[in-house]
$ cat input16.cif   # mmCIF, C-alpha atoms
data_target
loop_
_atom_site.group_PDB
_atom_site.id
_atom_site.type_symbol
_atom_site.label_atom_id
_atom_site.label_comp_id
_atom_site.auth_asym_id
_atom_site.auth_seq_id
_atom_site.Cartn_x
_atom_site.Cartn_y
_atom_site.Cartn_z
ATOM 1 C CA GLY A 128 -0.293 58.267 116.144
ATOM 2 C CA ARG A 129 0.222 55.352 113.839
ATOM 3 C CA HIS A 130 2.610 54.850 110.948
ATOM 4 C CA ARG A 131 3.189 52.367 108.133
ATOM 5 C CA GLY A 132 6.455 51.035 109.644
ATOM 6 C CA ILE A 133 9.782 52.718 110.321
ATOM 7 C CA HIS A 134 11.219 51.328 107.079
ATOM 8 C CA CYS A 135 8.918 53.731 105.166
ATOM 9 C CA TYR A 136 10.521 56.897 106.606
ATOM 10 C CA THR A 137 13.809 58.783 106.337
ATOM 11 C CA VAL A 138 15.189 61.478 108.640
ATOM 12 C CA GLY A 139 14.469 64.823 106.996
ATOM 13 C CA GLN A 140 11.405 63.534 105.121
ATOM 14 C CA ARG A 141 8.568 66.033 104.866
ATOM 15 C CA ARG A 142 6.073 64.560 102.438
ATOM 16 C CA GLY A 143 4.005 61.404 102.516
ATOM 17 C CA MET A 144 3.444 61.181 106.256
ATOM 18 C CA GLY A 145 -0.291 61.922 106.184
ATOM 19 C CA ILE A 146 -0.168 64.423 109.052
ATOM 20 C CA ALA A 147 -2.271 67.583 108.933
ATOM 21 C CA TRP A 148 -0.613 70.293 111.020
ATOM 22 C CA SER A 149 -0.409 74.086 111.176
ATOM 23 C CA GLU A 150 3.223 74.062 109.958
ATOM 24 C CA PRO A 151 5.304 71.610 107.906
ATOM 25 C CA LEU A 152 6.575 68.653 109.931
ATOM 26 C CA TYR A 153 9.717 66.638 109.242
ATOM 27 C CA VAL A 154 10.965 63.268 110.431
ATOM 28 C CA ILE A 155 13.423 64.236 113.184
ATOM 29 C CA ARG A 156 14.403 60.805 114.454
ATOM 30 C CA ILE A 157 13.585 57.131 113.969
ATOM 31 C CA ASP A 158 13.818 54.881 117.025
ATOM 32 C CA LYS A 159 14.056 51.189 116.135
ATOM 33 C CA ALA A 160 13.858 50.066 119.774
ATOM 34 C CA THR A 161 10.394 51.563 120.260
ATOM 35 C CA ASN A 162 9.247 51.436 116.616
ATOM 36 C CA SER A 163 8.739 55.223 116.768
ATOM 37 C CA VAL A 164 8.925 57.927 114.118
ATOM 38 C CA ILE A 165 9.478 61.310 115.779
ATOM 39 C CA VAL A 166 8.375 64.398 113.830
ATOM 40 C CA GLY A 167 8.837 68.105 114.451
ATOM 41 C CA PRO A 168 9.400 71.516 112.840
ATOM 42 C CA GLU A 169 12.387 72.163 110.543
ATOM 43 C CA PRO A 170 14.685 73.750 113.193
ATOM 44 C CA ASP A 171 14.612 70.464 115.153
ATOM 45 C CA LEU A 172 16.406 68.731 112.245
ATOM 46 C CA PHE A 173 19.692 70.563 112.745
ATOM 47 C CA ARG A 174 22.576 69.069 114.773
ATOM 48 C CA ASN A 175 26.183 70.075 115.340
ATOM 49 C CA SER A 176 27.560 66.596 116.017
ATOM 50 C CA LEU A 177 27.290 63.062 114.691
ATOM 51 C CA THR A 178 28.719 59.582 115.143
ATOM 52 C CA ILE A 179 30.274 57.776 112.201
ATOM 53 C CA SER A 180 30.397 53.970 112.108
ATOM 54 C CA ARG A 181 32.564 51.651 109.991
ATOM 55 C CA CYS A 182 35.113 54.408 109.298
ATOM 56 C CA ASN A 183 37.596 54.057 106.464
ATOM 57 C CA TRP A 184 40.474 56.518 106.641
ATOM 58 C CA ILE A 185 41.973 57.554 103.307
ATOM 59 C CA GLN A 186 45.008 58.931 105.151
ATOM 60 C CA PRO A 187 46.247 57.921 108.593
ATOM 61 C CA PHE A 188 44.323 59.822 111.260
ATOM 62 C CA GLU A 189 46.134 61.580 114.089
ATOM 63 C CA PRO A 190 43.817 62.570 116.953
ATOM 64 C CA GLY A 191 44.173 66.179 118.070
ATOM 65 C CA VAL A 192 45.548 67.441 114.760
ATOM 66 C CA ALA A 193 43.920 70.728 113.742
ATOM 67 C CA GLY A 194 42.488 71.317 110.299
ATOM 68 C CA ALA A 195 39.873 68.583 110.006
ATOM 69 C CA GLU A 196 36.900 69.375 107.786
ATOM 70 C CA CYS A 197 33.685 67.523 107.052
ATOM 71 C CA LYS A 198 31.224 67.558 104.192
ATOM 72 C CA LEU A 199 27.905 65.859 104.871
ATOM 73 C CA ARG A 200 26.352 66.014 101.409
ATOM 74 C CA TYR A 201 27.907 66.404 97.999
ATOM 75 C CA ARG A 202 26.440 69.896 97.467
ATOM 76 C CA HIS A 203 27.397 71.208 100.892
ATOM 77 C CA LYS A 204 30.560 73.171 101.570
ATOM 78 C CA GLN A 205 33.235 71.679 103.781
ATOM 79 C CA VAL A 206 33.182 73.042 107.336
ATOM 80 C CA PRO A 207 35.750 72.900 110.167
ATOM 81 C CA CYS A 208 35.190 70.119 112.695
ATOM 82 C CA THR A 209 36.746 68.165 115.526
ATOM 83 C CA VAL A 210 37.074 64.397 115.160
ATOM 84 C CA ALA A 211 37.526 61.967 118.055
ATOM 85 C CA LEU A 212 38.185 58.250 117.669
ATOM 86 C CA LEU A 213 35.675 56.000 119.458
ATOM 87 C CA ALA A 214 35.655 52.276 120.162
ATOM 88 C CA GLY A 215 34.442 49.816 117.553
ATOM 89 C CA GLU A 216 35.580 51.499 114.301
ATOM 90 C CA ARG A 217 33.571 54.614 115.114
ATOM 91 C CA ALA A 218 34.350 58.313 115.312
ATOM 92 C CA GLY A 219 32.614 61.357 116.740
ATOM 93 C CA CYS A 220 32.495 64.519 114.655
ATOM 94 C CA THR A 221 31.567 67.922 116.096
ATOM 95 C CA ILE A 222 31.139 70.871 113.730
ATOM 96 C CA SER A 223 33.179 73.794 115.029
ATOM 97 C CA ASN A 224 31.021 76.688 113.728
ATOM 98 C CA PRO A 225 27.484 75.427 113.038
#

$ encode --input "input16.cif" --output "structure tokens"
Amino acid sequence: GRHRGIHCYTVGQRRGMGIAWSEPLYVIRIDKATNSVIVGPEPDLFRNSLTISRCNWIQPFEPGVAGAECKLRYRHKQVPCTVALLAGERAGCTISNP
């Protein structure tokens, strides 16, 4: 299909895509390299890991220390996670009990 440009879409978006389908579709992923907007059903939105870039640590971070928690949106509850430092001011976060 065609789209108006990847800058017009956000991951998780459901409305305004102009797609008629038998079930609601959501933007699952945006690929800048191929100028693609990938859509799919709601269950395809969910992930149990993410990569964080340009990290700012409020407290010094000690890899391997238990008790890390993450909160992805202000209304969400904090959940246990594992954090691993990556190269280039990045970190990987895996939710322990999705």

$ axis_aligned_box --input "input16.cif" --around "range 135-154 of chain A" --padding-each-side "6 Å" --output "lines of an AutoDock Vina configuration file"
center_x = 6.5
center_y = 63.9
center_z = 106.8
size_x = 29.5
size_y = 32.4
size_z = 20.7

$ closest_residue --input "input16.cif" --among "A:Tyr136, A:Val166, A:Arg131, A:Ser176" --to "Trp148 in chain A" --atoms "all atoms listed in the file"
A:Val166

$ resolve_selection --input "input16.cif" --expression "the PyMOL selection byres ((chain A and resi 150) around 12)" --output "list in words"
Arg141, Ile146, Ala147, Trp148, Ser149, Pro151, Leu152, Tyr153, Val166, Gly167, Pro168, Glu169 and Pro170 of chain A

$ atom_distance --input "input16.cif" --atom1 "CA of Leu212 in chain A" --atom2 "CA of Arg174 in chain A"
19.2 Å

$ closest_residue --input "input16.cif" --among "A:Asn175, A:Ser180, A:Gln140, A:Ser163" --to "Gly215 in chain A" --atoms "all atoms listed in the file"
A:Ser180

$ resolve_selection --input "input16.cif" --expression "the PyMOL selection byres ((chain A and resi 207) around 9)" --output "ChimeraX atom specification"
/A:194-197,205-206,208-209,221-224

$ closest_residue --input "input16.cif" --among "A:Lys204, A:Thr178, A:Trp184, A:His134" --to "Cys220 in chain A" --atoms "all atoms listed in the file"
A:Thr178

$ atom_distance --input "input16.cif" --atom1 "CA of Leu199 in chain A" --atom2 "CA of Val154 in chain A"
18.0 Å

$ residues_around --input "input16.cif" --residues "Glu216 in chain A" --least-positions-apart "6" --cutoff "9 Å" --atoms "only C-alpha atoms" --output "list of chain:residue names"
A:Ile179, A:Ser180, A:Arg181, A:Cys182, A:Asn183

$ atom_distance --input "input16.cif" --atom1 "CA of Arg200 in chain A" --atom2 "CA of Arg217 in chain A"
19.2 Å

$ closest_residue --input "input16.cif" --among "A:Leu177, A:Ala211, A:Leu172, A:Ala160" --to "Val138 in chain A" --atoms "all atoms listed in the file"
A:Leu172
